[in-house]
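Undergrad: Just my_file-v9.csv, nothing more (CSV, C-alpha atoms):
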```
chain,number,residue,atom,x,y,z
Z,126,GLU,CA,50.4,21.6,-86.4
Z,127,GLN,CA,52.0,18.2,-87.0
Z,128,CYS,CA,54.7,18.8,-84.4
Z,129,ARG,CA,52.2,20.0,-81.9
Z,130,LEU,CA,49.9,17.0,-82.4
Z,131,TYR,CA,52.7,14.5,-82.1
Z,132,ALA,CA,54.1,16.2,-78.9
Z,133,LEU,CA,50.6,16.3,-77.4
Z,134,THR,CA,50.0,12.6,-78.3
Z,135,GLY,CA,53.3,11.6,-76.8
Z,136,ALA,CA,52.5,13.4,-73.5
Z,137,LEU,CA,49.1,11.8,-73.4
Z,138,MET,CA,50.6,8.4,-74.0
Z,139,ALA,CA,53.0,9.0,-71.1
Z,140,LEU,CA,50.0,9.8,-69.0
Z,141,GLY,CA,48.4,6.5,-70.0
Z,142,VAL,CA,51.5,4.6,-69.0
Z,143,ARG,CA,51.9,6.6,-65.8
Z,144,PHE,CA,48.3,5.6,-64.6
Z,145,ALA,CA,48.2,2.2,-66.3
Z,146,GLY,CA,46.0,-0.2,-64.3
Z,147,THR,CA,44.8,2.4,-61.8
Z,148,GLY,CA,41.4,3.1,-63.3
Z,149,SER,CA,42.0,6.8,-62.6
Z,150,GLU,CA,38.9,8.7,-63.6
Z,151,PRO,CA,40.7,12.1,-64.1
Z,152,ALA,CA,43.3,10.5,-66.4
Z,153,LYS,CA,40.5,8.8,-68.3
Z,154,ARG,CA,38.6,12.0,-68.7
Z,155,ILE,CA,41.6,13.8,-70.1
Z,156,LEU,CA,42.3,11.1,-72.7
Z,157,MET,CA,38.7,10.7,-73.7
Z,158,GLY,CA,38.4,14.4,-74.2
Z,159,HIS,CA,41.3,14.5,-76.7
Z,160,ILE,CA,40.0,11.4,-78.4
Z,161,LYS,CA,36.6,13.1,-79.1
Z,162,LYS,CA,38.5,16.1,-80.6
Z,163,LEU,CA,40.5,13.8,-82.9
Z,164,ILE,CA,37.5,11.8,-84.1
Z,165,GLY,CA,36.1,15.0,-85.7
Z,166,SER,CA,39.4,15.8,-87.4
Z,167,PRO,CA,40.1,15.4,-91.1
Z,168,ASP,CA,40.7,11.8,-92.2
Z,169,ARG,CA,44.5,12.0,-92.4
Z,170,ALA,CA,47.1,9.3,-91.6
Z,171,MET,CA,48.6,11.6,-88.9
Z,172,HIS,CA,45.3,12.0,-87.1
Z,173,GLU,CA,44.6,8.3,-87.4
Z,174,GLN,CA,47.9,7.3,-85.8
Z,175,CYS,CA,47.5,9.7,-82.9
Z,176,LEU,CA,43.9,8.5,-82.4
Z,177,CYS,CA,45.0,4.9,-82.1
Z,178,LEU,CA,47.7,5.8,-79.6
Z,179,LEU,CA,45.2,7.6,-77.4
Z,180,ALA,CA,42.8,4.7,-77.6
Z,181,ILE,CA,45.5,2.3,-76.4
Z,182,SER,CA,46.5,4.8,-73.7
Z,183,VAL,CA,43.0,5.1,-72.2
Z,184,ALA,CA,42.7,1.3,-72.4
Z,185,CYS,CA,45.9,1.0,-70.4
Z,186,VAL,CA,44.5,3.2,-67.6
Z,187,MET,CA,41.2,1.2,-67.5
Z,188,ALA,CA,42.9,-2.2,-68.0
Z,189,GLY,CA,40.9,-5.1,-66.6
Z,190,SER,CA,37.9,-2.9,-65.6
Z,191,GLY,CA,35.7,-3.5,-68.6
Z,192,ASP,CA,34.6,0.1,-68.4
Z,193,LEU,CA,31.5,0.6,-70.4
Z,194,GLU,CA,32.2,4.1,-71.6
Z,195,THR,CA,35.6,3.2,-72.9
Z,196,LEU,CA,34.2,0.1,-74.6
Z,197,ARG,CA,31.6,2.2,-76.4
Z,198,MET,CA,34.3,4.5,-77.6
Z,199,LEU,CA,36.5,1.7,-78.9
Z,200,ARG,CA,33.5,0.0,-80.6
Z,201,ALA,CA,32.7,3.3,-82.4
Z,202,LEU,CA,36.3,3.5,-83.6
Z,203,GLN,CA,36.2,-0.1,-84.7
Z,204,ALA,CA,32.9,0.4,-86.7
Z,205,ARG,CA,34.3,3.1,-88.9
Z,206,LYS,CA,34.7,2.6,-92.6
Z,207,ARG,CA,38.2,2.2,-94.1
Z,208,VAL,CA,40.0,1.0,-91.0
Z,209,ASN,CA,43.4,-0.1,-92.1
Z,210,TYR,CA,45.4,-3.0,-90.7
Z,211,GLY,CA,47.4,-0.9,-88.2
Z,212,SER,CA,44.4,0.8,-86.8
Z,213,GLY,CA,42.5,-2.5,-86.5
Z,214,MET,CA,45.5,-3.9,-84.5
Z,215,ALA,CA,45.6,-0.9,-82.2
Z,216,ILE,CA,41.9,-1.0,-81.5
Z,217,GLY,CA,41.9,-4.7,-81.0
Z,218,MET,CA,44.8,-4.4,-78.5
Z,219,SER,CA,42.8,-1.7,-76.7
Z,220,ILE,CA,39.7,-3.9,-76.3
Z,221,GLY,CA,41.9,-6.7,-75.1
Z,222,PHE,CA,43.5,-4.5,-72.5
Z,223,LEU,CA,40.1,-3.3,-71.3
Z,224,PHE,CA,39.1,-6.9,-70.5
Z,225,LEU,CA,42.6,-8.1,-69.5
Z,226,GLY,CA,42.4,-11.6,-68.1
Z,227,GLY,CA,38.6,-11.5,-68.2
Z,228,GLY,CA,38.6,-8.7,-65.6
Z,229,ARG,CA,41.1,-10.4,-63.3
Z,230,LEU,CA,44.3,-8.8,-64.4
Z,231,ALA,CA,45.7,-5.2,-64.5
Z,232,PHE,CA,48.9,-3.5,-65.4
Z,233,GLY,CA,51.6,-2.9,-62.7
Z,234,ARG,CA,53.8,0.1,-62.6
Z,235,GLY,CA,57.2,-1.4,-61.8
Z,236,ARG,CA,60.2,-0.9,-64.0
Z,237,LYS,CA,59.8,-4.2,-65.8
Z,238,ALA,CA,56.1,-3.6,-66.3
Z,239,VAL,CA,56.6,-0.1,-67.7
Z,240,ALA,CA,59.5,-1.3,-70.0
Z,241,GLY,CA,57.4,-4.2,-71.4
Z,242,LEU,CA,54.4,-1.9,-71.9
Z,243,LEU,CA,56.4,0.8,-73.7
Z,244,ILE,CA,57.9,-1.8,-76.1
Z,245,SER,CA,54.5,-3.3,-76.9
Z,246,LEU,CA,53.0,0.2,-77.5
Z,247,PHE,CA,55.6,1.4,-79.9
Z,248,PRO,CA,53.9,4.3,-81.7
Z,249,HIS,CA,54.1,3.1,-85.3
Z,250,PHE,CA,51.7,0.4,-86.4
Z,251,PRO,CA,52.2,-1.8,-89.4
Z,252,SER,CA,50.4,-1.4,-92.8
Z,253,GLU,CA,50.0,-5.1,-93.3
Z,254,SER,CA,50.5,-8.5,-91.5
Z,255,SER,CA,54.0,-8.9,-93.0
Z,256,ASP,CA,55.2,-5.3,-92.2
Z,257,ASN,CA,58.1,-5.5,-89.7
Z,258,ARG,CA,60.1,-2.6,-91.0
Z,259,SER,CA,59.7,-0.2,-88.1
Z,260,HIS,CA,58.8,-2.5,-85.3
Z,261,LEU,CA,58.8,-6.3,-85.0
Z,262,GLN,CA,55.2,-7.3,-84.5
Z,263,ALA,CA,56.0,-10.1,-82.1
Z,264,LEU,CA,57.2,-7.4,-79.6
Z,265,ARG,CA,53.6,-6.3,-79.2
Z,266,HIS,CA,53.1,-9.3,-76.9
Z,267,LEU,CA,55.6,-8.0,-74.3
Z,268,TYR,CA,52.8,-6.2,-72.4
Z,269,VAL,CA,52.5,-9.5,-70.5
Z,270,LEU,CA,55.6,-8.5,-68.5
Z,271,GLY,CA,53.5,-5.8,-66.9
Z,272,VAL,CA,50.5,-7.9,-66.0
Z,273,GLU,CA,49.6,-8.8,-62.4
Z,274,ASN,CA,46.6,-10.4,-60.8
Z,275,ARG,CA,44.7,-7.9,-58.8
Z,276,GLN,CA,41.4,-9.8,-58.3
Z,277,ILE,CA,39.8,-10.2,-54.9
Z,278,GLU,CA,37.3,-13.0,-54.6
Z,279,ALA,CA,35.2,-14.1,-51.6
Z,280,ILE,CA,34.7,-17.8,-51.1
Z,281,ASP,CA,31.9,-19.2,-48.9
Z,282,VAL,CA,33.4,-21.8,-46.6
Z,283,GLU,CA,30.3,-24.0,-46.6
Z,284,SER,CA,29.5,-24.1,-50.4
Z,285,TRP,CA,33.2,-23.4,-51.6
Z,286,GLU,CA,31.7,-21.1,-54.2
Z,287,SER,CA,32.5,-17.5,-55.1
Z,288,VAL,CA,30.0,-15.1,-53.6
Z,289,LYS,CA,29.3,-11.4,-53.9
Z,290,VAL,CA,30.3,-9.7,-50.7
Z,291,LYS,CA,30.7,-6.1,-49.8
Z,292,VAL,CA,34.2,-5.2,-48.7
Z,293,GLU,CA,36.2,-2.2,-47.5
Z,294,ILE,CA,39.7,-1.8,-48.9
Z,295,HIS,CA,41.9,0.1,-46.4
Z,296,GLY,CA,44.9,2.0,-47.7
Z,297,ASP,CA,45.7,5.6,-48.3
Z,298,GLU,CA,41.9,5.9,-48.4
Z,299,VAL,CA,39.0,3.6,-47.7
Z,300,VAL,CA,37.3,2.2,-50.8
Z,301,LYS,CA,34.1,0.2,-50.8
Z,302,LYS,CA,33.6,-2.4,-53.4
Z,303,GLU,CA,31.8,-5.7,-54.0
Z,304,THR,CA,33.6,-8.9,-54.8
Z,305,PRO,CA,34.7,-10.1,-57.3
Z,306,CYS,CA,36.5,-6.9,-58.3
Z,307,LEU,CA,40.0,-5.5,-58.9
Z,308,LEU,CA,42.2,-4.3,-56.1
Z,309,PRO,CA,44.4,-1.2,-56.2
Z,310,GLU,CA,48.2,-1.8,-56.3
Z,311,LYS,CA,49.2,-4.1,-53.5
Z,312,HIS,CA,51.7,-1.7,-51.9
Z,313,LYS,CA,48.8,0.8,-51.4
Z,314,ILE,CA,46.6,-1.7,-49.5
Z,315,LYS,CA,46.9,-2.4,-45.8
Z,316,SER,CA,43.9,-4.6,-45.2
Z,317,VAL,CA,40.6,-5.8,-46.6
Z,318,ARG,CA,37.5,-6.0,-44.3
Z,319,VAL,CA,34.3,-7.8,-45.0
Z,320,VAL,CA,31.4,-5.5,-44.2
Z,321,ASP,CA,28.5,-7.3,-45.7
Z,322,GLU,CA,25.5,-7.7,-43.4
Z,323,ALA,CA,24.9,-11.3,-44.6
Z,324,TYR,CA,28.3,-12.5,-43.6
Z,325,PHE,CA,30.4,-12.4,-40.5
Z,326,SER,CA,32.8,-9.5,-40.4
Z,327,ARG,CA,36.5,-10.3,-40.8
Z,328,LYS,CA,39.7,-8.5,-41.6
Z,329,VAL,CA,42.5,-9.8,-43.8
Z,330,LYS,CA,45.9,-8.1,-43.7
Z,331,VAL,CA,47.5,-7.6,-47.1
Z,332,GLN,CA,50.7,-5.7,-46.4
Z,333,GLY,CA,53.6,-8.0,-46.1
Z,334,ALA,CA,51.8,-11.0,-47.5
Z,335,PRO,CA,53.5,-13.0,-50.3
Z,336,THR,CA,52.4,-12.3,-53.8
Z,337,SER,CA,50.1,-14.9,-55.3
Z,338,SER,CA,49.4,-15.5,-59.0
Z,339,ASP,CA,45.8,-16.3,-58.1
Z,340,GLY,CA,45.0,-12.9,-56.6
Z,341,LEU,CA,43.5,-12.5,-53.2
Z,342,ARG,CA,40.9,-14.8,-51.8
Z,343,VAL,CA,38.9,-14.0,-48.7
Z,344,TYR,CA,37.0,-16.9,-47.0
Z,345,VAL,CA,33.7,-15.9,-45.4
Z,346,MET,CA,31.0,-17.6,-43.5
Z,347,LYS,CA,27.3,-16.6,-43.9
Z,348,LYS,CA,25.1,-15.8,-41.0
Z,349,ASN,CA,22.2,-18.1,-40.5
Z,350,GLY,CA,19.0,-16.2,-41.3
Z,351,GLY,CA,20.8,-13.7,-43.7
Z,352,GLY,CA,22.0,-10.2,-43.0
Z,353,GLY,CA,19.5,-8.3,-40.9
Z,354,GLY,CA,20.1,-5.0,-39.0
Z,355,GLY,CA,22.3,-4.4,-36.0
Z,356,GLY,CA,20.7,-7.1,-33.9
Z,357,GLY,CA,20.9,-9.6,-36.7
Z,358,ALA,CA,24.6,-10.1,-36.3
Z,359,GLN,CA,24.3,-11.2,-32.7
Z,360,SER,CA,21.4,-13.5,-33.4
Z,361,GLY,CA,23.2,-14.9,-36.4
Z,362,SER,CA,26.2,-15.7,-34.3
Z,363,ALA,CA,24.2,-17.4,-31.7
Z,364,THR,CA,22.3,-19.5,-34.2
Z,365,ALA,CA,25.6,-20.5,-35.9
Z,366,ALA,CA,27.2,-21.4,-32.6
Z,367,ALA,CA,24.2,-23.6,-31.8
Z,368,ASP,CA,24.3,-25.4,-35.2
Z,369,PRO,CA,26.5,-28.5,-34.7
Z,370,SER,CA,27.2,-28.7,-38.5
Z,371,VAL,CA,28.9,-25.3,-38.3
Z,372,ARG,CA,30.7,-25.9,-35.0
Z,373,LYS,CA,32.4,-29.0,-36.3
Z,374,SER,CA,34.0,-27.1,-39.3
Z,375,ILE,CA,37.6,-27.2,-38.3
Z,376,GLN,CA,37.9,-29.1,-35.1
Z,377,GLU,CA,40.6,-31.5,-33.9
Z,378,GLU,CA,38.3,-34.5,-33.7
Z,379,ASP,CA,36.5,-34.0,-37.1
Z,380,LEU,CA,39.0,-35.9,-39.1
Z,381,SER,CA,36.4,-37.4,-41.4
Z,382,TYR,CA,35.2,-34.0,-42.4
Z,383,LEU,CA,38.8,-32.9,-43.2
Z,384,LYS,CA,39.3,-36.0,-45.3
Z,385,ASN,CA,36.4,-35.0,-47.5
Z,386,LEU,CA,38.0,-31.6,-48.0
Z,387,ARG,CA,41.5,-33.0,-48.7
Z,388,LEU,CA,41.8,-31.7,-52.3
Z,389,TRP,CA,40.4,-28.3,-51.4
Z,390,ASN,CA,42.7,-27.9,-48.5
Z,391,LEU,CA,45.7,-28.8,-50.6
Z,392,LYS,CA,44.8,-26.2,-53.2
Z,393,LEU,CA,44.1,-23.6,-50.6
Z,394,THR,CA,47.4,-24.1,-48.8
Z,395,HIS,CA,49.3,-24.0,-52.1
Z,396,THR,CA,47.8,-20.8,-53.4
Z,397,PHE,CA,47.8,-18.4,-50.4
Z,398,SER,CA,48.8,-20.4,-47.3
Z,399,THR,CA,49.8,-17.4,-45.2
Z,400,ASN,CA,46.7,-15.3,-45.4
Z,401,LEU,CA,43.8,-17.5,-46.2
Z,402,LEU,CA,42.1,-18.3,-42.9
Z,403,PHE,CA,39.2,-20.5,-42.0
Z,404,CYS,CA,36.4,-19.0,-40.0
Z,405,ASN,CA,35.6,-21.3,-37.0
Z,406,ILE,CA,32.8,-20.5,-34.5
Z,407,ASN,CA,33.5,-21.5,-30.8
Z,408,LYS,CA,31.0,-22.3,-28.1
Z,409,ASN,CA,30.5,-18.6,-27.3
Z,410,GLY,CA,29.5,-17.8,-30.8
Z,411,ILE,CA,32.7,-15.8,-31.5
Z,412,ILE,CA,34.6,-16.3,-34.7
Z,413,ASP,CA,38.1,-17.7,-34.2
Z,414,ARG,CA,40.6,-17.6,-37.0
Z,415,GLY,CA,42.8,-20.6,-37.4
Z,416,CYS,CA,45.8,-20.6,-39.7
Z,417,ILE,CA,45.3,-22.7,-42.8
Z,418,ARG,CA,48.7,-24.3,-42.2
Z,419,ALA,CA,47.5,-25.8,-39.0
Z,420,THR,CA,44.5,-27.2,-40.8
Z,421,TYR,CA,46.8,-28.7,-43.5
Z,422,ASP,CA,48.9,-30.4,-40.8
Z,423,LYS,CA,45.7,-31.9,-39.3
Z,424,LEU,CA,44.7,-33.1,-42.7
Z,425,ILE,CA,48.0,-34.8,-43.4
Z,426,SER,CA,48.0,-36.6,-40.0
Z,427,ALA,CA,44.4,-37.7,-40.7
Z,428,SER,CA,45.1,-39.1,-44.2
```
Could you write out this structure as structure tokens?
TA:
Amino acid sequence: EQCRLYALTGALMALGVRFAGTGSEPAKRILMGHIKKLIGSPDRAMHEQCLCLLAISVACVMAGSGDLETLRMLRALQARKRVNYGSGMAIGMSIGFLFLGGGRLAFGRGRKAVAGLLISLFPHFPSESSDNRSHLQALRHLYVLGVENRQIEAIDVESWESVKVKVEIHGDEVVKKETPCLLPEKHKIKSVRVVDEAYFSRKVKVQGAPTSSDGLRVYVMKKNGGGGGGGGAQSGSATAAADPSVRKSIQEEDLSYLKNLRLWNLKLTHTFSTNLLFCNINKNGIIDRGCIRATYDKLISAS
């Protein structure tokens, strides 16, 4: 029985590392099912060690998602009586992985990421704070080698604040989400399209773009009068084009406006200069996309 349990736990741990940071529901269901079976097992050190490894494995799969079902399971394990130091460390790490970076980060699956994750998840936990016999406790922090920023955030170009916007993530399949949220792995994404009725539609290409430590930011412009039905988009465009305060957003002659945005433009160019585009409305009410680099050059010449 012991050999069978250890072999099964090792296979499930490999499953957790294989799908780390993906939020895979099938992998989560498999791991959660085995955790529920072990919770009802006799209180033995062998079962406790395997239970902790499975808890970390499911947290790796759902890393950064803050999944409520996983959190409830981890809190139930944490609330048990007679939880030793090693179990407490494992459950604490699991909760930390679940809310990795405050919901902004997730685990990658590159070679360096998998190596760092495996070292930090060494399947033998200490009995006390000074126990370093089997595994140096400092090595538990090497999971940071596998962390990457996968957050997508929508910024309103008029208020410069983060807003909730419905987007479609195009890759192997089309996924609909609401920002801010976590993106799939970058190599699986082709583009992100804004589909919210309250904002002008736009598409941002992700494939081939340089990696940014700040994640992906999509700059959007709200339609005047909100997001109505099919005719609302056209009327919103016309209204926005007729509004002089909107039309002067990124124009050659509006140097005074650019000066007021100097710090914001500098930060924007530094973080994601290749893909972050301003939305500018021309006289026909059509959105033109001007590269942020051009705006930055205008800004420098104006200062």
Undergrad: Which value, in Å to one decimal, gives the distance between CA of Ser166 (chain Z) and CA of Thr134 (chain Z)?
TA: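 Straight-line distance from CA of Ser166 (chain Z) to CA of Thr134 (chain Z) works out to 14.3 Å.
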Undergrad: Please tell me which residues are no farther than 10 Å from (47.8, -1.1, -56.0) in the file, counting all atoms listed in the file, and write them as a VMD selection string.
TA: chain Z and resid 146 to 147 231 to 234 275 296 307 to 314
Undergrad: Give me a file of those residues, with C-alpha atoms, as a tab-separated table (two decimals), in the coordinates of the input.
TA:
```
chain	number	residue	atom	x	y	z
Z	146	GLY	CA	46.00	-0.20	-64.30
Z	147	THR	CA	44.80	2.40	-61.80
Z	231	ALA	CA	45.70	-5.20	-64.50
Z	232	PHE	CA	48.90	-3.50	-65.40
Z	233	GLY	CA	51.60	-2.90	-62.70
Z	234	ARG	CA	53.80	0.10	-62.60
Z	275	ARG	CA	44.70	-7.90	-58.80
Z	296	GLY	CA	44.90	2.00	-47.70
Z	307	LEU	CA	40.00	-5.50	-58.90
Z	308	LEU	CA	42.20	-4.30	-56.10
Z	309	PRO	CA	44.40	-1.20	-56.20
Z	310	GLU	CA	48.20	-1.80	-56.30
Z	311	LYS	CA	49.20	-4.10	-53.50
Z	312	HIS	CA	51.70	-1.70	-51.90
Z	313	LYS	CA	48.80	0.80	-51.40
Z	314	ILE	CA	46.60	-1.70	-49.50
```
Undergrad: For a test of reading the model, state the distance in Å between CA of Val186 (chain Z) and CA of His172 (chain Z), rounded to one decimal.
TA: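 Result for CA of Val186 (chain Z) versus CA of His172 (chain Z): 21.4 Å, one decimal.
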Undergrad: Choose the residue, out of Z:His260, Z:Arg207, Z:Arg129, Z:Arg342, that has the smallest atom-to-atom separation from Glu286 (chain Z); count all atoms listed in the file.
TA: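 The shortest atom-to-atom distance to Glu286 (chain Z) comes from Z:Arg342.
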Undergrad: What is the distance between CA of Ile277 (chain Z) and CA of Lys153 (chain Z), in Å to one decimal?
TA: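 According to the coordinates, CA of Ile277 (chain Z) and CA of Lys153 (chain Z) are separated by 23.3 Å.
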Undergrad: Pick the closest to Glu303 (chain Z) from Z:Asn274, Z:Ser316, Z:Ala279, Z:Leu179: which is it, counting all atoms listed in the file?
TA: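 That would be Z:Ala279, the residue with the smallest distance to Glu303 (chain Z).
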Undergrad: Between Z:Ser149, Z:Ser212, Z:Tyr344, Z:Val142, which residue has the minimum interatomic distance to Ile280 (chain Z), considering only C-alpha atoms?
TA: Z:Tyr344
Undergrad: So, counting all atoms listed in the file, which residue among Z:Ala145, Z:Cys185, Z:Ile294, Z:Leu202 is closest to Lys161 (chain Z)?
TA: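 Between Z:Ala145, Z:Cys185, Z:Ile294, Z:Leu202, the residue approaching Lys161 (chain Z) most closely is Z:Leu202.
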Undergrad: In file coordinates, which residues lie within 10 Å of (57.9, -0.8, -73.6) using all atoms listed in the file, given as number ranges by chain?
TA: Z: 142, 236-247, 264-265, 267-268, 270-271
Undergrad: Counting all atoms listed in the file, figure out which residue out of Z:Ser287, Z:Ser190, Z:Ser326, Z:Thr304 gets nearest to Leu230 (chain Z).
TA: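 Under the stated criterion, the closest residue is Z:Ser190.
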Undergrad: From the options Z:Cys306, Z:Met198, Z:Cys175, Z:Ile220, which residue's atoms come nearest to Leu341 (chain Z), counting all atoms listed in the file?
TA: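 Answer, going by the shortest atom-to-atom distance: Z:Cys306.
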Undergrad: Please provide the set of residues having any atom within 12 Å of Leu176 (chain Z), restricted to only C-alpha atoms, with same-chain residues fewer than 2 positions apart removed, written as a count of residues only.
TA: 45
Undergrad: Env of Met346 (chain Z): 7 Å cut, atoms = all atoms listed in the file, seq-sep filter 4 positions within chain, self excluded. Answer as a short mmCIF file (atom, residue, chain, number, x, y, z; two decimals) with C-alpha atoms, keeping the file's coordinate frame.
TA:
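Result file is selection_7.cif:
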```cif
data_model
loop_
_atom_site.label_atom_id
_atom_site.label_comp_id
_atom_site.auth_asym_id
_atom_site.auth_seq_id
_atom_site.Cartn_x
_atom_site.Cartn_y
_atom_site.Cartn_z
CA ASP Z 281 31.90 -19.20 -48.90
CA VAL Z 282 33.40 -21.80 -46.60
CA TYR Z 324 28.30 -12.50 -43.60
CA PHE Z 325 30.40 -12.40 -40.50
CA CYS Z 404 36.40 -19.00 -40.00
#
```
